[in-house]
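To start, the structure under review is shown below, and the notes come after it.
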Amino acid sequence: MNMFLFEVMNGVALGMIYFLMAAGLTIIFGMMNFVNFAHGALYAVGAYLCFQVIDWSGNFWLGLIVAPILVGLLALVLERTLIRHLYSFDHPTQILITMGVMLVIREVILLIWGTVPKPVSPPDILTGVMVMGDFVYPYYRMFVIAVTAIIGLGLWLMLERTRFGIMIRAGSENSKMVSLLGLNSNLLFSVTFVLGVALAGLGGALISPIRGADAFMGVEALGIAFVVVVIGGMGSFPGALAGALVVGLVQSLSAGFWPEGTNIMIYAVMAMIILLRPNGLFGRT
Amino acid sequence: MNKHTPISIHFIAVAVLACVLPVALQSPILAAEVLIFALAAIGCNLLLGYTGLLPFGQALFFGAGAYAASLSAIHWQSSMLPCLLFAILAGGLLAIAVGYLSIRRQGIYFVMLTLAFGQLGYFIAYLAEGITGGEDGLLDVPRAALDLWIVPAISLDSDWAFYGWVALVFVVSFISLQRLVDSPLGSVLQAIKQNEQRAIAIGYQVRFYKIAVFAFSGIVTALAGALYAMLLNFAPLSNIDIETSEVIIFMCVLGGLGSLYGSIVGAGVYLVASEMLSDIWPRWMLLLGLLMIFVMLFARGGLWLGLKLLWQGVKGYGQDKKVKKVEVSHD
């Protein structure tokens, strides 16, 4: 029973990291109809920057806060120079160009930090395990669940309750109409892209004490994030959360007995959803 | 547009290329690898360059071809032609199935479907250890002898003999596919690429054409996979993984969309660069990434277009070398 609870908690923690990735992807897709294949590479950049800041300052919290901000700045530069010219292209073109961006980012990571993955240790206060009766769980993973839950709630409040959130939702509904109504849609697009990518950066920073920083970590994460987004419905924020939790739970619950089977199931479910319910579980029709 | 280039010219061009390549590269193995991956890139080009569909699971057909040929060579001691026939059947049937399902959706959903089928194939191959060897792959794949019934069987064990066979298969496939893209069917594919709604409105059964091009793509990609397994004497699991799909896309885009010659250039440049540069500068893929972005933004014709412009410049016609944005040209 406790093993089961342990796996459930692991699934939730994993799912919440996927959620950060997927939320960024889905917001960007919903707003600009843009498919960002460089998302996974930027997630890896988040992990490496977190490592680097901790290495310099010796302070985990600084790394966790600074890394997503730096990733956001990188996203701003990317958006201003390249990405914004791609919004009007078709999906295959967007995918091929961002695949090129992905390669460049990955190789630059390898140039700067070398080919050996970097380990990141959690802060002292979060090392060790929590013991509750006979249930044992690492503090750091609890922390990941808590932080991502707060971020997710904050995002949801922002999207639902603030003026900026209304703009984003309106923009994803009909971006032409939004600019006709006098909003600066270029600025809105930049902010959305930066926000989405910064979420991926935060995901990378958060997972670095669990998995380390690895230049190739983005490939798997990108695949999973797309599965999550497709299951939840491209462009749907609640869909990203539900999809992420489902994928995370299924993965960790079956990790014990049939790990490869999980992947078969996840991809089969994705294919079925695209074929039978193309807007995903929560997508607009 | 040299759309009306007679097929005999194409034949001479690729036949000369196939003769020169191993001498220029000083290795029949590398040359065979270039021609094999050129076939795979051509398979991708049929979908991406000619029809406007981005397939993210080409490794499924490549791996299926490799497994089918290897299994019949190992277990049934089949000779070369039946081995390739099995590969073609496996690749073609899989491609029809994947195509039939994937073309129901557009844009990112189409890409995700092909990716999902590719990944399913990968994990199934991984799990079916008894058949595919799982993670270890299929070892000791023999280079099946060429047995034409009328004459004594020809052994292809030596690298040069095997290269000769690969070159023959390559030339025959290339000419057939060049015929295909120059045919009325090829024109319909380009009509679909340029404006699908219009092609439907004109009255073409777009779905039928898309499935047909998938079948051709699967066949030629499986053929490449089968030859690759025999070249290496080994059918690794990595044949069918997502990285192989990506490499095939890179070669196809780099060489130039919408030109079969471009795919040869793309495969050649990629393989030779990885052979030569990976020792000197392991981060050469950085350049590949930049080149991908540049080609997709400014010159869909890729390296092949670059070569053509260079050739025109040499001939004195290309006075204006500052052509920046050039439309995709089709051979």
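By order of appearance in the structure tokens: chains A, B, ..., then residues from 1 within every chain, and ligands from 1 in the order shown.
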key: Sel. of alpha helix (DSSP H) residues, segment 82-285 of chain B, as a PyMOL selection string   = chain B and resi 82-102+107-127+129-132+159-182+184-194+196-202+206-232+242-255+260-280+285
task = When you get a sec, could you note down which chain A residues fall within 9 Å of chain B, using only C-alpha atoms, as a PyMOL selection string?
result = chain A and resi 35+86+90-93+95-108+110-111+226-227+230+260-261+263-268+270-271+274-275+278
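For the choices B:Leu227, B:Leu39, B:Met276, B:Ala90, the atom-to-atom distance to Tyr163 of chain B is smallest for B:Leu227 when using only C-alpha atoms.
Interatomic distance, atom CA of His10 of chain B to atom CA of Ile36 of chain B: 18.2 Å.
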task = Provide the atom CA of Val120 of chain A to atom CA of Val219 of chain A distance in Å, to one decimal place.
result = 19.7 Å
inquiry  = What's around segment 240-251 of chain A at 8 Å? Count only C-alpha atoms, leave out sequence neighbours fewer than 3 positions away in its own chain, and write the answer as a list in words.
reply    = Glu7, Val8, Asn10, Gly11, Val12, Ala13, Leu14, Gly15, Met16, Tyr18, Phe19, Ala22, Ala23, Thr26, Ala225, Val228, Val229, Ile231, Gly232, Gly233, Ser236, Phe237, Ser254, Ala255, Pro259, Thr262, Asn263 and Ile266 of chain A
Phe51 of chain A surroundings by only C-alpha atoms, 9 Å radius, close-in-sequence under 6 positions cut, as a CSV table (one decimal) with C-alpha atoms, in the first residue's frame:
```csv
chain,number,residue,atom,x,y,z
A,60,PHE,CA,20.3,26.7,-4.7
A,63,GLY,CA,19.8,29.2,-9.1
A,67,ALA,CA,17.8,30.2,-14.2
A,118,LYS,CA,26.3,17.9,-14.5
A,119,PRO,CA,25.0,16.7,-11.1
A,120,VAL,CA,23.0,19.2,-9.0
A,121,SER,CA,22.5,18.7,-5.3
A,205,ALA,CA,15.9,23.9,-13.0
A,208,SER,CA,18.1,19.2,-12.1
A,209,PRO,CA,18.5,17.9,-8.5
A,212,GLY,CA,21.0,16.2,-13.2
A,213,ALA,CA,21.7,18.5,-16.1
```
task = For Phe37 of chain B, list every protein, DNA or RNA residue within 9 Å, evaluated using only C-alpha atoms, and leave out those in the same chain fewer than 4 positions away; present the list as number ranges by chain.
result = B: 32-33, 41-42, 221, 224-225, 228, 248, 251, 263-264, 267-268, 271
Output for the residues just chosen: N, CA, C and O atoms as a CSV table (one decimal), in the first residue's frame:
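Result file follows (part-v2.csv):
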```csv
chain,number,residue,atom,x,y,z
B,32,ALA,N,28.6,3.2,-50.3
B,32,ALA,CA,27.4,2.4,-50.2
B,32,ALA,C,26.4,3.1,-49.2
B,32,ALA,O,25.2,3.2,-49.5
B,33,GLU,N,27.0,3.6,-48.1
B,33,GLU,CA,26.2,4.2,-47.1
B,33,GLU,C,25.6,5.5,-47.6
B,33,GLU,O,24.4,5.7,-47.4
B,41,ALA,N,16.5,9.3,-47.8
B,41,ALA,CA,16.2,10.8,-47.9
B,41,ALA,C,15.2,11.0,-49.1
B,41,ALA,O,14.3,11.9,-49.0
B,42,ILE,N,15.4,10.3,-50.2
B,42,ILE,CA,14.5,10.4,-51.3
B,42,ILE,C,13.1,10.0,-50.8
B,42,ILE,O,12.1,10.7,-51.2
B,221,THR,N,12.3,3.5,-48.6
B,221,THR,CA,12.9,3.6,-47.3
B,221,THR,C,13.2,2.2,-46.8
B,221,THR,O,14.3,2.0,-46.2
B,224,ALA,N,16.2,0.8,-48.5
B,224,ALA,CA,17.4,1.4,-47.9
B,224,ALA,C,17.8,0.7,-46.6
B,224,ALA,O,18.9,0.3,-46.4
B,225,GLY,N,16.8,0.4,-45.7
B,225,GLY,CA,17.0,-0.2,-44.5
B,225,GLY,C,17.6,-1.6,-44.7
B,225,GLY,O,18.5,-2.1,-44.0
B,228,TYR,N,21.1,-1.5,-45.8
B,228,TYR,CA,22.0,-1.0,-44.7
B,228,TYR,C,22.3,-2.2,-43.7
B,228,TYR,O,23.4,-2.3,-43.3
B,248,ILE,N,17.2,11.3,-41.2
B,248,ILE,CA,16.7,11.3,-42.6
B,248,ILE,C,16.1,12.6,-43.0
B,248,ILE,O,16.3,13.1,-44.1
B,251,MET,N,18.9,15.2,-43.7
B,251,MET,CA,19.5,15.0,-45.0
B,251,MET,C,18.6,15.5,-46.1
B,251,MET,O,19.1,16.2,-47.0
B,263,SER,N,18.5,15.1,-52.5
B,263,SER,CA,18.6,14.1,-51.4
B,263,SER,C,19.9,13.3,-51.5
B,263,SER,O,20.5,13.0,-50.4
B,264,ILE,N,20.5,13.1,-52.7
B,264,ILE,CA,21.8,12.5,-52.8
B,264,ILE,C,22.8,13.4,-52.1
B,264,ILE,O,23.7,13.0,-51.3
B,267,ALA,N,22.4,13.5,-48.3
B,267,ALA,CA,22.9,12.3,-47.6
B,267,ALA,C,24.5,12.3,-47.7
B,267,ALA,O,25.1,12.0,-46.7
B,268,GLY,N,25.0,12.7,-48.9
B,268,GLY,CA,26.5,12.6,-49.0
B,268,GLY,C,27.1,13.6,-48.1
B,268,GLY,O,28.1,13.3,-47.4
B,271,LEU,N,26.8,12.5,-44.4
B,271,LEU,CA,27.7,11.4,-44.0
B,271,LEU,C,29.2,11.7,-44.0
B,271,LEU,O,29.9,11.3,-43.1
```
query = What does the distance between atom CA of Phe214 of chain B and atom CA of Ala95 of chain B come to in Å, to one decimal place?
reply = 5.6 Å
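Proximity ranking of B:Thr51, B:Ser238, B:Ser8, B:Ser183 relative to Glu196 of chain B places B:Thr51 first, based on only C-alpha atoms.
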inquiry  = So, with only C-alpha atoms as the atoms that count, which of A:Met142, A:Met9, A:Val178, A:Ile27 lies closest to Thr127 of chain A?
reply    = A:Met142
message = Excluding Leu84 of chain B and its own-chain neighbours fewer than 5 positions away, which residues fall within 9 Å of it when counting only C-alpha atoms? Please give them as a ChimeraX atom specification.
response = /B:65,68-69,79,89,222-223,226-227
